[in-house]
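Enquirer: Below you'll find upload-v7.tsv; it's TSV, C-alpha atoms.
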chain	number	residue	atom	x	y	z
A	1	MET	CA	-5.38	-194.84	-73.76
A	2	SER	CA	-7.89	-194.74	-70.91
A	3	LEU	CA	-6.95	-195.43	-67.34
A	4	ALA	CA	-8.02	-198.48	-65.37
A	5	ILE	CA	-7.04	-196.95	-62.05
A	6	GLU	CA	-6.69	-193.31	-61.07
A	7	ILE	CA	-5.60	-192.35	-57.59
A	8	HIS	CA	-5.16	-188.65	-56.94
A	9	GLY	CA	-4.19	-187.08	-53.65
A	10	LEU	CA	-5.08	-190.14	-51.61
A	11	GLU	CA	-4.47	-189.71	-47.88
A	12	LYS	CA	-5.08	-192.28	-45.18
A	13	HIS	CA	-3.85	-191.93	-41.64
A	14	TYR	CA	-3.44	-194.55	-38.99
A	15	LYS	CA	-1.70	-194.18	-35.68
A	16	GLY	CA	2.00	-194.10	-36.47
A	17	PHE	CA	1.46	-194.43	-40.20
A	18	ASP	CA	0.20	-192.25	-42.98
A	19	LEU	CA	-0.20	-192.96	-46.65
A	20	LYS	CA	-0.06	-190.33	-49.37
A	21	LEU	CA	-0.39	-191.59	-52.89
A	22	ASP	CA	-0.88	-190.60	-56.51
A	23	LEU	CA	-0.95	-193.44	-58.97
A	24	GLU	CA	-2.32	-194.27	-62.40
A	25	LEU	CA	-2.64	-197.56	-64.27
A	26	PRO	CA	-3.23	-197.42	-68.03
A	27	GLU	CA	-5.71	-199.91	-69.39
A	28	GLY	CA	-4.16	-203.11	-70.72
A	29	CYS	CA	-1.12	-202.97	-68.46
A	30	ILE	CA	0.12	-204.73	-65.36
A	31	LEU	CA	1.27	-202.58	-62.47
A	32	GLY	CA	3.29	-204.09	-59.67
A	33	LEU	CA	3.17	-202.49	-56.27
A	34	VAL	CA	6.29	-203.33	-54.29
A	35	GLY	CA	7.47	-202.32	-50.89
A	36	GLU	CA	8.59	-203.69	-47.58
A	37	ASN	CA	6.08	-205.10	-45.13
A	38	GLY	CA	4.12	-202.19	-43.72
A	39	ALA	CA	4.93	-199.83	-46.59
A	40	GLY	CA	1.24	-199.23	-47.30
A	41	LYS	CA	0.51	-201.62	-50.17
A	42	THR	CA	-2.50	-203.26	-48.60
A	43	THR	CA	-3.84	-199.96	-47.28
A	44	ALA	CA	-3.66	-198.51	-50.78
A	45	ILE	CA	-5.52	-201.51	-52.20
A	46	LYS	CA	-8.16	-201.36	-49.49
A	47	CYS	CA	-8.80	-197.68	-50.22
A	48	LEU	CA	-9.06	-198.48	-53.88
A	49	LEU	CA	-11.67	-201.13	-53.23
A	50	GLY	CA	-13.66	-198.93	-50.87
A	51	LEU	CA	-12.94	-201.26	-47.95
A	52	VAL	CA	-11.57	-198.41	-45.88
A	53	ARG	CA	-12.43	-194.74	-46.26
A	54	PRO	CA	-9.51	-192.45	-46.99
A	55	GLU	CA	-9.37	-188.98	-45.40
A	56	ALA	CA	-8.80	-187.33	-48.75
A	57	GLY	CA	-8.35	-188.13	-52.38
A	58	GLN	CA	-10.10	-188.92	-55.60
A	59	LEU	CA	-10.23	-192.53	-56.73
A	60	ARG	CA	-11.53	-193.80	-60.01
A	61	VAL	CA	-11.72	-197.45	-61.04
A	62	LEU	CA	-12.37	-198.33	-64.68
A	63	GLY	CA	-13.55	-194.78	-65.25
A	64	ARG	CA	-16.06	-194.83	-62.40
A	65	ASP	CA	-15.93	-192.58	-59.38
A	66	LEU	CA	-15.54	-194.73	-56.31
A	67	ASP	CA	-17.64	-192.41	-54.13
A	68	ARG	CA	-20.74	-192.55	-56.29
A	69	GLU	CA	-20.57	-195.74	-58.32
A	70	ALA	CA	-18.74	-198.13	-56.05
A	71	VAL	CA	-21.10	-201.05	-56.63
A	72	SER	CA	-21.00	-201.02	-60.42
A	73	ALA	CA	-17.23	-200.49	-60.28
A	74	ARG	CA	-16.79	-203.59	-58.12
A	75	GLU	CA	-18.78	-205.71	-60.53
A	76	GLU	CA	-15.92	-205.51	-63.00
A	77	VAL	CA	-13.10	-205.92	-60.52
A	78	GLY	CA	-11.75	-209.38	-59.82
A	79	LEU	CA	-10.35	-209.67	-56.34
A	80	VAL	CA	-7.71	-211.92	-54.89
A	81	LEU	CA	-7.03	-211.21	-51.25
A	82	GLU	CA	-5.24	-213.31	-48.67
A	83	PRO	CA	-6.71	-214.67	-46.52
A	84	THR	CA	-9.74	-215.36	-48.66
A	85	ALA	CA	-13.08	-214.08	-47.47
A	86	PHE	CA	-14.82	-217.44	-47.92
A	87	PRO	CA	-15.71	-219.64	-44.94
A	88	GLY	CA	-13.36	-222.56	-44.47
A	89	SER	CA	-16.10	-225.16	-44.42
A	90	MET	CA	-17.24	-224.41	-47.98
A	91	ASN	CA	-15.89	-226.09	-51.07
A	92	ALA	CA	-15.26	-224.66	-54.53
A	93	ARG	CA	-18.64	-225.74	-55.87
A	94	GLN	CA	-20.54	-224.07	-53.04
A	95	ILE	CA	-18.48	-220.89	-53.33
A	96	GLY	CA	-19.34	-220.75	-57.02
A	97	LYS	CA	-23.02	-221.05	-56.20
A	98	ILE	CA	-22.91	-218.13	-53.78
A	99	LEU	CA	-20.90	-215.92	-56.10
A	100	SER	CA	-23.35	-216.60	-58.91
A	101	SER	CA	-25.98	-214.72	-56.96
A	102	ILE	CA	-23.58	-211.89	-56.06
A	103	TYR	CA	-22.08	-211.09	-59.45
A	104	ARG	CA	-24.61	-210.30	-62.16
A	105	SER	CA	-22.20	-211.49	-64.85
A	106	TRP	CA	-21.09	-214.71	-63.12
A	107	ASP	CA	-19.99	-217.29	-65.67
A	108	ALA	CA	-20.47	-220.76	-64.19
A	109	ALA	CA	-19.06	-222.51	-67.24
A	110	ALA	CA	-15.87	-220.43	-67.17
A	111	TYR	CA	-15.52	-221.12	-63.45
A	112	ALA	CA	-15.86	-224.87	-63.92
A	113	SER	CA	-13.36	-225.00	-66.74
A	114	LEU	CA	-10.83	-222.85	-64.85
A	115	LEU	CA	-11.07	-225.09	-61.81
A	116	GLU	CA	-10.48	-228.08	-63.99
A	117	ARG	CA	-7.60	-226.49	-65.85
A	118	LEU	CA	-5.84	-225.58	-62.61
A	119	ARG	CA	-6.80	-228.89	-61.02
A	120	VAL	CA	-8.45	-227.38	-57.97
A	121	PRO	CA	-10.34	-230.05	-55.98
A	122	VAL	CA	-14.02	-229.07	-56.25
A	123	GLU	CA	-15.54	-231.02	-53.39
A	124	LYS	CA	-12.88	-230.49	-50.72
A	125	PRO	CA	-13.64	-227.82	-48.11
A	126	LEU	CA	-11.50	-224.72	-48.30
A	127	LYS	CA	-9.80	-225.35	-44.95
A	128	ASP	CA	-8.44	-228.68	-46.20
A	129	LEU	CA	-6.93	-227.23	-49.37
A	130	SER	CA	-3.22	-226.51	-49.63
A	131	ARG	CA	-2.20	-222.89	-49.75
A	132	GLY	CA	-1.46	-223.15	-53.45
A	133	ASN	CA	-4.88	-224.60	-54.19
A	134	ARG	CA	-6.61	-221.95	-52.10
A	135	MET	CA	-4.82	-219.26	-54.07
A	136	LYS	CA	-5.71	-220.94	-57.37
A	137	LEU	CA	-9.35	-221.16	-56.27
A	138	SER	CA	-9.31	-217.49	-55.38
A	139	ILE	CA	-7.93	-216.61	-58.80
A	140	CYS	CA	-10.58	-218.79	-60.47
A	141	THR	CA	-13.34	-216.82	-58.74
A	142	ALA	CA	-11.73	-213.53	-59.73
A	143	LEU	CA	-11.57	-214.58	-63.38
A	144	SER	CA	-15.10	-215.94	-63.63
A	145	HIS	CA	-17.24	-212.83	-63.71
A	146	HIS	CA	-15.84	-211.05	-66.77
A	147	ALA	CA	-13.73	-208.68	-64.74
A	148	ARG	CA	-11.75	-206.06	-66.60
A	149	LEU	CA	-9.46	-205.27	-63.69
A	150	LEU	CA	-7.81	-207.76	-61.40
A	151	VAL	CA	-6.56	-206.61	-58.02
A	152	LEU	CA	-4.30	-209.06	-56.24
A	153	ASP	CA	-2.75	-208.56	-52.83
A	154	GLU	CA	0.33	-210.75	-52.32
A	155	PRO	CA	-0.99	-213.58	-54.49
A	156	THR	CA	2.31	-215.40	-54.77
A	157	SER	CA	3.61	-215.29	-51.22
A	158	GLY	CA	3.98	-218.71	-49.66
A	159	LEU	CA	3.53	-220.56	-52.94
A	160	ASP	CA	6.07	-222.93	-54.43
A	161	PRO	CA	7.89	-221.85	-57.60
A	162	VAL	CA	5.87	-224.09	-59.93
A	163	VAL	CA	2.52	-222.77	-58.74
A	164	ARG	CA	3.86	-219.22	-58.77
A	165	ASP	CA	4.86	-219.67	-62.37
A	166	LYS	CA	1.34	-220.91	-63.16
A	167	VAL	CA	-0.16	-217.84	-61.50
A	168	VAL	CA	2.13	-215.61	-63.54
A	169	GLY	CA	1.03	-217.44	-66.70
A	170	LEU	CA	-2.64	-216.96	-65.86
A	171	LEU	CA	-2.22	-213.25	-65.33
A	172	LEU	CA	-0.32	-212.89	-68.59
A	173	ASP	CA	-3.10	-214.73	-70.40
A	174	PHE	CA	-5.66	-212.44	-68.80
A	175	THR	CA	-3.96	-209.36	-70.21
A	176	ARG	CA	-3.80	-210.69	-73.75
A	177	ASP	CA	-7.05	-208.74	-74.01
A	178	GLU	CA	-6.07	-205.11	-74.22
A	179	ARG	CA	-9.05	-203.98	-72.12
A	180	HIS	CA	-7.83	-206.05	-69.18
A	181	SER	CA	-5.56	-204.61	-66.50
A	182	VAL	CA	-3.93	-205.93	-63.37
A	183	LEU	CA	-2.80	-204.34	-60.12
A	184	ILE	CA	-0.66	-206.72	-58.13
A	185	SER	CA	1.15	-206.15	-54.87
A	186	SER	CA	4.00	-208.32	-53.74
A	187	HIS	CA	7.26	-208.29	-51.95
A	188	ILE	CA	8.47	-211.17	-54.10
A	189	VAL	CA	10.07	-208.89	-56.59
A	190	SER	CA	11.23	-211.57	-59.00
A	191	ASP	CA	7.62	-212.50	-59.74
A	192	LEU	CA	6.84	-208.91	-60.57
A	193	GLU	CA	9.90	-208.74	-62.76
A	194	LYS	CA	8.41	-211.44	-65.01
A	195	LEU	CA	4.98	-209.91	-65.02
A	196	CYS	CA	4.80	-206.16	-64.91
A	197	ASP	CA	4.78	-203.35	-67.39
A	198	TYR	CA	5.06	-200.77	-64.63
A	199	ILE	CA	6.52	-200.95	-61.18
A	200	ALA	CA	5.57	-198.66	-58.32
A	201	PHE	CA	7.73	-198.64	-55.24
A	202	LEU	CA	6.13	-197.73	-51.91
A	203	LYS	CA	8.14	-196.93	-48.85
A	204	ASP	CA	6.79	-195.72	-45.51
A	205	GLY	CA	3.52	-194.67	-47.08
A	206	ARG	CA	5.12	-192.68	-49.92
A	207	LEU	CA	5.59	-193.48	-53.57
A	208	MET	CA	9.34	-193.53	-54.21
A	209	LEU	CA	9.00	-194.10	-57.91
A	210	CYS	CA	6.65	-195.42	-60.55
A	211	GLU	CA	8.35	-196.33	-63.79
A	212	GLU	CA	8.23	-198.61	-66.78
A	213	LYS	CA	9.99	-201.77	-65.63
A	214	ASP	CA	12.38	-202.19	-68.53
A	215	ARG	CA	13.33	-198.49	-68.44
A	216	LEU	CA	14.31	-198.95	-64.82
A	217	LEU	CA	16.51	-201.88	-65.72
A	218	GLU	CA	18.15	-199.93	-68.52
A	219	GLU	CA	18.56	-196.78	-66.51
A	220	TYR	CA	20.51	-198.13	-63.57
A	221	ARG	CA	23.80	-200.01	-63.27
A	222	LEU	CA	25.51	-201.68	-60.39
A	223	VAL	CA	29.02	-200.36	-59.84
A	224	GLN	CA	31.42	-202.47	-57.83
A	225	CYS	CA	34.70	-200.96	-56.73
A	226	ALA	CA	36.91	-199.97	-53.83
A	227	PRO	CA	35.39	-197.30	-51.56
A	228	ALA	CA	37.99	-194.72	-52.62
A	229	GLU	CA	37.12	-195.18	-56.27
A	230	LEU	CA	33.48	-194.45	-55.59
A	231	ALA	CA	34.47	-190.85	-54.84
A	232	ARG	CA	34.65	-190.32	-58.62
A	233	ILE	CA	30.85	-190.40	-58.71
A	234	ASP	CA	28.73	-187.50	-57.51
A	235	PRO	CA	27.26	-188.71	-54.19
A	236	ALA	CA	23.90	-187.14	-55.07
A	237	LEU	CA	23.59	-189.58	-57.97
A	238	ILE	CA	24.21	-192.71	-55.92
A	239	LYS	CA	20.79	-194.17	-55.23
A	240	GLY	CA	21.90	-196.81	-52.81
A	241	ARG	CA	24.98	-198.69	-51.67
A	242	ARG	CA	26.12	-201.74	-49.81
A	243	GLU	CA	29.53	-201.70	-48.17
A	244	THR	CA	31.73	-204.48	-46.91
A	245	ASP	CA	35.35	-204.44	-45.75
A	246	TYR	CA	36.42	-205.51	-49.20
A	247	GLY	CA	34.54	-203.17	-51.47
A	248	VAL	CA	31.35	-201.35	-52.20
A	249	SER	CA	28.40	-201.96	-54.52
A	250	ALA	CA	26.49	-198.87	-55.55
A	251	LEU	CA	23.39	-198.24	-57.60
A	252	VAL	CA	24.08	-195.49	-60.13
A	253	PRO	CA	22.23	-194.13	-63.19
A	254	GLU	CA	23.89	-195.44	-66.31
A	255	ALA	CA	24.87	-191.94	-67.50
A	256	ALA	CA	26.78	-191.28	-64.27
A	257	VAL	CA	29.09	-194.29	-64.51
A	258	PRO	CA	32.60	-192.94	-65.21
A	259	ALA	CA	34.29	-194.31	-68.32
A	260	GLY	CA	36.36	-197.38	-67.61
A	261	MET	CA	34.69	-198.18	-64.31
A	262	HIS	CA	33.30	-201.70	-64.06
A	263	SER	CA	29.52	-201.85	-63.89
A	264	ALA	CA	26.96	-204.61	-64.31
A	265	PRO	CA	23.26	-204.72	-65.15
A	266	VAL	CA	21.02	-204.73	-62.11
A	267	ASP	CA	17.87	-206.77	-61.50
A	268	ILE	CA	14.72	-205.38	-59.97
A	269	GLU	CA	15.23	-207.11	-56.66
A	270	GLU	CA	18.70	-205.68	-56.16
A	271	LEU	CA	17.48	-202.30	-57.31
A	272	PHE	CA	14.82	-202.12	-54.65
A	273	VAL	CA	16.89	-203.53	-51.85
A	274	LEU	CA	19.62	-200.98	-52.56
A	275	MET	CA	17.17	-198.12	-52.97
A	276	ALA	CA	15.40	-198.99	-49.74
A	277	SER	CA	18.63	-199.19	-47.77
A	278	GLY	CA	20.02	-196.05	-49.41
A	279	LYS	CA	17.12	-193.92	-48.35
A	280	ARG	CA	17.10	-195.27	-44.84
A	281	LYS	CA	20.64	-194.12	-44.32
A	282	GLU	CA	19.78	-190.59	-45.35
A	283	GLY	CA	17.07	-190.50	-42.74
A	284	GLY	CA	19.68	-191.27	-40.11
A	285	GLU	CA	17.97	-194.46	-38.98
A	286	ARG	CA	20.41	-197.27	-38.45
B	1	MET	CA	10.20	-217.02	-86.04
B	2	THR	CA	12.67	-217.49	-83.23
B	3	ILE	CA	13.19	-214.92	-80.51
B	4	LEU	CA	15.34	-215.67	-77.51
B	5	ILE	CA	15.42	-213.23	-74.66
B	6	ASP	CA	18.41	-213.19	-72.36
B	7	ASN	CA	17.67	-211.33	-69.15
B	8	ARG	CA	21.26	-211.42	-68.02
B	9	SER	CA	23.01	-210.14	-71.13
B	10	GLY	CA	22.62	-206.50	-70.16
B	11	GLN	CA	21.47	-205.65	-73.67
B	12	PRO	CA	18.11	-203.87	-73.44
B	13	ILE	CA	15.24	-206.26	-74.17
B	14	TYR	CA	13.70	-204.11	-76.90
B	15	GLU	CA	17.07	-204.14	-78.66
B	16	GLN	CA	17.24	-207.94	-78.46
B	17	ILE	CA	13.84	-208.20	-80.14
B	18	PHE	CA	14.73	-205.54	-82.67
B	19	THR	CA	17.98	-207.16	-83.79
B	20	GLN	CA	16.59	-210.70	-83.87
B	21	ILE	CA	13.56	-209.82	-85.98
B	22	ARG	CA	15.67	-207.56	-88.20
B	23	ASP	CA	18.25	-210.30	-88.79
B	24	GLN	CA	15.55	-212.79	-89.70
B	25	ILE	CA	14.06	-210.35	-92.18
B	26	LEU	CA	17.47	-209.60	-93.71
B	27	SER	CA	18.33	-213.29	-94.01
B	28	GLY	CA	14.97	-214.02	-95.62
B	29	ALA	CA	13.83	-216.34	-92.84
B	30	LEU	CA	10.86	-214.04	-92.47
B	31	GLU	CA	9.23	-213.60	-95.84
B	32	GLU	CA	7.78	-210.48	-97.33
B	33	ASP	CA	4.22	-209.70	-96.15
B	34	ALA	CA	4.39	-212.38	-93.47
B	35	ALA	CA	2.23	-211.46	-90.51
B	36	LEU	CA	4.07	-210.87	-87.25
B	37	PRO	CA	2.48	-211.84	-83.94
B	38	SER	CA	0.49	-209.07	-82.30
B	39	ILE	CA	2.45	-206.93	-79.87
B	40	ARG	CA	0.32	-208.10	-76.99
B	41	ASN	CA	0.59	-211.81	-77.76
B	42	LEU	CA	4.31	-211.67	-78.38
B	43	ALA	CA	4.82	-209.82	-75.11
B	44	LYS	CA	2.78	-212.36	-73.17
B	45	ASP	CA	4.47	-215.36	-74.82
B	46	LEU	CA	7.94	-213.99	-74.18
B	47	ARG	CA	6.90	-212.84	-70.71
B	48	ILE	CA	8.07	-209.34	-71.28
B	49	SER	CA	6.39	-205.97	-71.02
B	50	VAL	CA	3.91	-204.81	-73.65
B	51	ILE	CA	5.53	-201.39	-73.68
B	52	THR	CA	8.93	-202.87	-74.46
B	53	THR	CA	7.56	-204.98	-77.30
B	54	LYS	CA	5.79	-201.98	-78.76
B	55	ARG	CA	9.03	-200.04	-78.64
B	56	ALA	CA	10.81	-202.79	-80.62
B	57	TYR	CA	8.05	-202.90	-83.24
B	58	ASP	CA	8.01	-199.11	-83.52
B	59	GLU	CA	11.73	-199.03	-84.18
B	60	LEU	CA	11.48	-201.82	-86.74
B	61	GLU	CA	8.77	-199.87	-88.50
B	62	ASN	CA	10.78	-196.66	-88.41
B	63	ALA	CA	13.74	-198.51	-89.89
B	64	GLY	CA	11.53	-199.74	-92.73
B	65	PHE	CA	11.42	-203.44	-91.87
B	66	LEU	CA	7.73	-203.56	-90.95
B	67	TYR	CA	4.51	-201.97	-92.00
B	68	THR	CA	1.29	-201.73	-90.03
B	69	VAL	CA	-2.23	-202.23	-91.31
B	70	ALA	CA	-4.68	-200.57	-88.96
B	71	GLY	CA	-6.82	-203.19	-87.25
B	72	LYS	CA	-4.86	-206.08	-88.76
B	73	GLY	CA	-1.42	-205.90	-87.30
B	74	CYS	CA	2.19	-205.78	-88.41
B	75	PHE	CA	3.72	-207.32	-91.52
B	76	VAL	CA	7.18	-207.77	-92.97
B	77	ALA	CA	7.85	-204.94	-95.41
B	78	PRO	CA	8.68	-205.82	-99.04
B	79	ARG	CA	12.34	-206.68	-99.36
B	80	ASN	CA	13.99	-203.46	-100.16
B	81	THR	CA	17.39	-204.23	-101.70
B	82	GLU	CA	18.42	-200.66	-101.13
B	83	LEU	CA	17.65	-201.02	-97.44
B	84	ILE	CA	19.49	-204.32	-97.13
B	85	ARG	CA	22.53	-202.85	-98.86
B	86	GLU	CA	22.36	-199.88	-96.52
B	87	GLU	CA	22.22	-202.20	-93.53
B	88	HIS	CA	25.19	-204.23	-94.78
B	89	LEU	CA	27.19	-201.08	-95.40
B	90	ARG	CA	26.42	-199.94	-91.89
B	91	GLN	CA	27.68	-203.24	-90.47
B	92	LEU	CA	30.76	-203.01	-92.66
B	93	GLU	CA	31.54	-199.57	-91.26
B	94	GLU	CA	31.17	-200.91	-87.75
B	95	HIS	CA	33.61	-203.72	-88.44
B	96	LEU	CA	36.08	-201.39	-90.14
B	97	THR	CA	36.01	-199.06	-87.16
B	98	GLU	CA	36.94	-202.03	-85.02
B	99	VAL	CA	39.68	-203.00	-87.52
B	100	ARG	CA	41.16	-199.52	-87.28
B	101	ARG	CA	41.08	-199.62	-83.51
B	102	LEU	CA	42.84	-203.00	-83.37
B	103	ALA	CA	45.32	-201.96	-86.05
B	104	ASP	CA	46.29	-198.90	-84.01
B	105	LEU	CA	46.74	-201.08	-80.94
B	106	CYS	CA	49.12	-203.36	-82.88
B	107	GLY	CA	50.84	-200.49	-84.64
B	108	LEU	CA	49.85	-201.68	-88.11
B	109	SER	CA	49.88	-199.29	-91.07
B	110	ARG	CA	47.16	-198.97	-93.71
B	111	GLN	CA	49.53	-200.84	-96.03
B	112	ASP	CA	49.80	-203.76	-93.58
B	113	ILE	CA	46.01	-204.05	-93.52
B	114	ASN	CA	45.86	-203.95	-97.31
B	115	ASP	CA	48.43	-206.76	-97.43
B	116	MET	CA	46.35	-208.80	-94.98
B	117	LEU	CA	43.27	-208.34	-97.15
B	118	ASN	CA	45.20	-209.44	-100.23
B	119	ILE	CA	46.50	-212.54	-98.52
B	120	LEU	CA	43.00	-213.43	-97.38
B	121	GLU	CA	41.71	-213.01	-100.93
B	122	GLU	CA	44.48	-215.20	-102.36
B	123	ASP	CA	43.70	-217.89	-99.81
B	124	GLU	CA	40.08	-217.98	-100.93
B	125	THR	CA	40.83	-218.32	-104.64
Rewrite the structure from the file as structure tokens, please.

Expert:
Amino acid sequence: MSLAIEIHGLEKHYKGFDLKLDLELPEGCILGLVGENGAGKTTAIKCLLGLVRPEAGQLRVLGRDLDREAVSAREEVGLVLEPTAFPGSMNARQIGKILSSIYRSWDAAAYASLLERLRVPVEKPLKDLSRGNRMKLSICTALSHHARLLVLDEPTSGLDPVVRDKVVGLLLDFTRDERHSVLISSHIVSDLEKLCDYIAFLKDGRLMLCEEKDRLLEEYRLVQCAPAELARIDPALIKGRRETDYGVSALVPEAAVPAGMHSAPVDIEELFVLMASGKRKEGGER
Amino acid sequence: MTILIDNRSGQPIYEQIFTQIRDQILSGALEEDAALPSIRNLAKDLRISVITTKRAYDELENAGFLYTVAGKGCFVAPRNTELIREEHLRQLEEHLTEVRRLADLCGLSRQDINDMLNILEEDET
């Protein structure tokens, strides 16, 4: 299987923040990039799109080297960024007209039918559209130039559940074609849980893990017990914990759960919250 | 074909797909040589990962329930009576293991279990 995205040895430094990243996305898959605000998700995406120049690293998009073939690489990448880059006074029809002279493979018919399907008002200026409609419009533009890779930065934040579900459906439809891939960043983990094949977890500019989503869910269990009981588990294996006066919840690999101890399946959201808090404690920051 | 995914059951998703398709093949609800949905389409319809769906299909194929035609997709393997018998025997063993465990808990002897079986048989006739 070829790779839609290859990031090797990426380094980007800002004052008080540095990002170091290695990441790969196989063609035909959806990769979710999660992390707290400021973890480096958007910086990683900007490097990948050539919007900022990293200090080091090799980046390839759809098999093309980003240093030498950035323009042809971008032709096949559908972008959804928030806020959108379009002027607020333009409407969907006018935006389509402009994009048709930017993208060589612009498909006006596909654009029109997508707008209709998602019921995006065509004649209303962008600034008067609701947030959901703006996002839908943005996705319509990304899907209308025969892109093979979609890159979405926080596409579902601030949307209501019904619209979010529609967005998820659109992305799933897009990847029915096995040459299509998606990179999506979000801190709304439950959306990613529905969507992704792989999940990458960024924290403070570092990749904590990148794993098949369902493997993650199978691999970890949530143990709930009294603090004293938790001593039966090797502390090195506890990936994160939450303590109250009445008991403790701990994230533990399935194999490390002692026989007879009560444990429950964990969802992705809980997994990341516990992992994030677990690591913070080790660093002594509290 | 019916497949219901329960995200809260704790049973791995590939296993849920595996058992549900297998049961429908064993019961005859899925007929021999019937085409199964493509891995990609099934994954997208069920809103689950492609990798997970592929894993379920792979295991069904390894267990002899499916066959793959390159470029065409997956199909229900011819009903292999041997295989079905094997599967039923396996389930029987599972149940018997459970019977033994419960019998030990209640302090029942092998003879007691035999008697129970006889009574059940008499009731049916």

Enquirer: Return as number ranges by chain the residues belonging to chain A that are within 9 Å of chain B, counting all atoms listed in the file.

Expert: A: 28-30, 169, 172-173, 175-178, 193-198, 212-215, 217-218, 264-267

Enquirer: Would you list the residues near (4.7, -206.0, -47.8) (no more than 10 Å away, in the coordinates of the file, using only C-alpha atoms) as a ChimeraX atom specification?

Expert: /A:33-42,153-154,157,185-188,202-203

Enquirer: So how many Å separate CA of Glu76 (chain A) and CA of Arg148 (chain A), to one decimal?

Expert: 5.5 Å

Enquirer: Record the distance separating CA of Ala73 (chain A) and CA of Val61 (chain A), expressed in Å with one decimal.

Expert: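 About the pair CA of Ala73 (chain A) and CA of Val61 (chain A): they are 6.3 Å apart.
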
Enquirer: Please list as a VMD selection string every residue within 9 Å of Leu216 (chain A), counting only C-alpha atoms and excluding residues in the same chain fewer than 3 positions away.

Expert: chain A and resid 199 211 to 213 219 to 220 268 271

Enquirer: Taking 2 positions as the minimum chain separation for residues in the same chain, which residues sit within 9 Å of Gln58 (chain A) when counting all atoms listed in the file? Answer as a ChimeraX atom specification.

Expert: /A:6-10,56,60,65-67

Enquirer: Point out the residue among B:Ile21, B:Leu4, B:Met116, B:Leu30 with the least atom-to-atom distance to Arg79 (chain B), counting only C-alpha atoms.

Expert: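 Smallest separation from Arg79 (chain B) among the options: B:Leu30.
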
Enquirer: Pick out the closest residue to Gly88 (chain A) from this set: A:Leu115, A:Ser105, A:Leu49, A:Arg134. Count all atoms listed in the file.

Expert: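 Ranked by minimum distance to Gly88 (chain A), first place goes to A:Arg134.
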
Enquirer: I'd like the neighbourhood of Val69 (chain B) as a list in words, where a residue qualifies if any of its atoms comes within 12 Å (using only C-alpha atoms), though same-chain residues fewer than 3 positions away should be ignored.

Expert: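 The contact residues come out as Asp33, Ala35, Leu36, Ser38, Glu61, Leu66, Lys72, Gly73, Cys74, Phe75, Val76 and Ala77 of chain B.
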
Enquirer: Which polymer residues have any atom within 12 Å of an atom of Asp107 (chain A), counting all atoms listed in the file, with same-chain residues fewer than 4 positions away left out, as a VMD selection string?

Expert: chain A and resid 96 to 97 99 to 103 111 to 114 140 to 147

Enquirer: Would you kindly return, as a PyMOL selection string, each protein, DNA or RNA residue with an atom no farther than 7 Å from any atom of Met90 (chain A), considering only C-alpha atoms and excluding same-chain residues fewer than 4 positions away?

Expert: chain A and resi 94-95+125-126

Enquirer: Based on the selection just made, write C-alpha atoms of those residues as a PDB file, in the frame of the given file.

Expert:
ATOM      1  CA  GLN A  94     -20.540-224.070 -53.040  1.00  0.00           C
ATOM      2  CA  ILE A  95     -18.480-220.890 -53.330  1.00  0.00           C
ATOM      3  CA  PRO A 125     -13.640-227.820 -48.110  1.00  0.00           C
ATOM      4  CA  LEU A 126     -11.500-224.720 -48.300  1.00  0.00           C
TER       5      LEU A 126
END

Enquirer: Dig up all the protein and nucleic acid residues within 12 Å of (25.4, -198.6, -58.0) in the file frame, using only C-alpha atoms, and format them as a PyMOL selection string.

Expert: chain A and resi 219-225+227+230+233-243+248-258+261-267+270-275+278

Enquirer: Using C-alpha atoms, can you write the selected residues to a file as a short mmCIF file (atom, residue, chain, number, x, y, z; two decimals), in the coordinates of the input?

Expert:
data_model
loop_
_atom_site.label_atom_id
_atom_site.label_comp_id
_atom_site.auth_asym_id
_atom_site.auth_seq_id
_atom_site.Cartn_x
_atom_site.Cartn_y
_atom_site.Cartn_z
CA GLU A 219 18.56 -196.78 -66.51
CA TYR A 220 20.51 -198.13 -63.57
CA ARG A 221 23.80 -200.01 -63.27
CA LEU A 222 25.51 -201.68 -60.39
CA VAL A 223 29.02 -200.36 -59.84
CA GLN A 224 31.42 -202.47 -57.83
CA CYS A 225 34.70 -200.96 -56.73
CA PRO A 227 35.39 -197.30 -51.56
CA LEU A 230 33.48 -194.45 -55.59
CA ILE A 233 30.85 -190.40 -58.71
CA ASP A 234 28.73 -187.50 -57.51
CA PRO A 235 27.26 -188.71 -54.19
CA ALA A 236 23.90 -187.14 -55.07
CA LEU A 237 23.59 -189.58 -57.97
CA ILE A 238 24.21 -192.71 -55.92
CA LYS A 239 20.79 -194.17 -55.23
CA GLY A 240 21.90 -196.81 -52.81
CA ARG A 241 24.98 -198.69 -51.67
CA ARG A 242 26.12 -201.74 -49.81
CA GLU A 243 29.53 -201.70 -48.17
CA VAL A 248 31.35 -201.35 -52.20
CA SER A 249 28.40 -201.96 -54.52
CA ALA A 250 26.49 -198.87 -55.55
CA LEU A 251 23.39 -198.24 -57.60
CA VAL A 252 24.08 -195.49 -60.13
CA PRO A 253 22.23 -194.13 -63.19
CA GLU A 254 23.89 -195.44 -66.31
CA ALA A 255 24.87 -191.94 -67.50
CA ALA A 256 26.78 -191.28 -64.27
CA VAL A 257 29.09 -194.29 -64.51
CA PRO A 258 32.60 -192.94 -65.21
CA MET A 261 34.69 -198.18 -64.31
CA HIS A 262 33.30 -201.70 -64.06
CA SER A 263 29.52 -201.85 -63.89
CA ALA A 264 26.96 -204.61 -64.31
CA PRO A 265 23.26 -204.72 -65.15
CA VAL A 266 21.02 -204.73 -62.11
CA ASP A 267 17.87 -206.77 -61.50
CA GLU A 270 18.70 -205.68 -56.16
CA LEU A 271 17.48 -202.30 -57.31
CA PHE A 272 14.82 -202.12 -54.65
CA VAL A 273 16.89 -203.53 -51.85
CA LEU A 274 19.62 -200.98 -52.56
CA MET A 275 17.17 -198.12 -52.97
CA GLY A 278 20.02 -196.05 -49.41
#
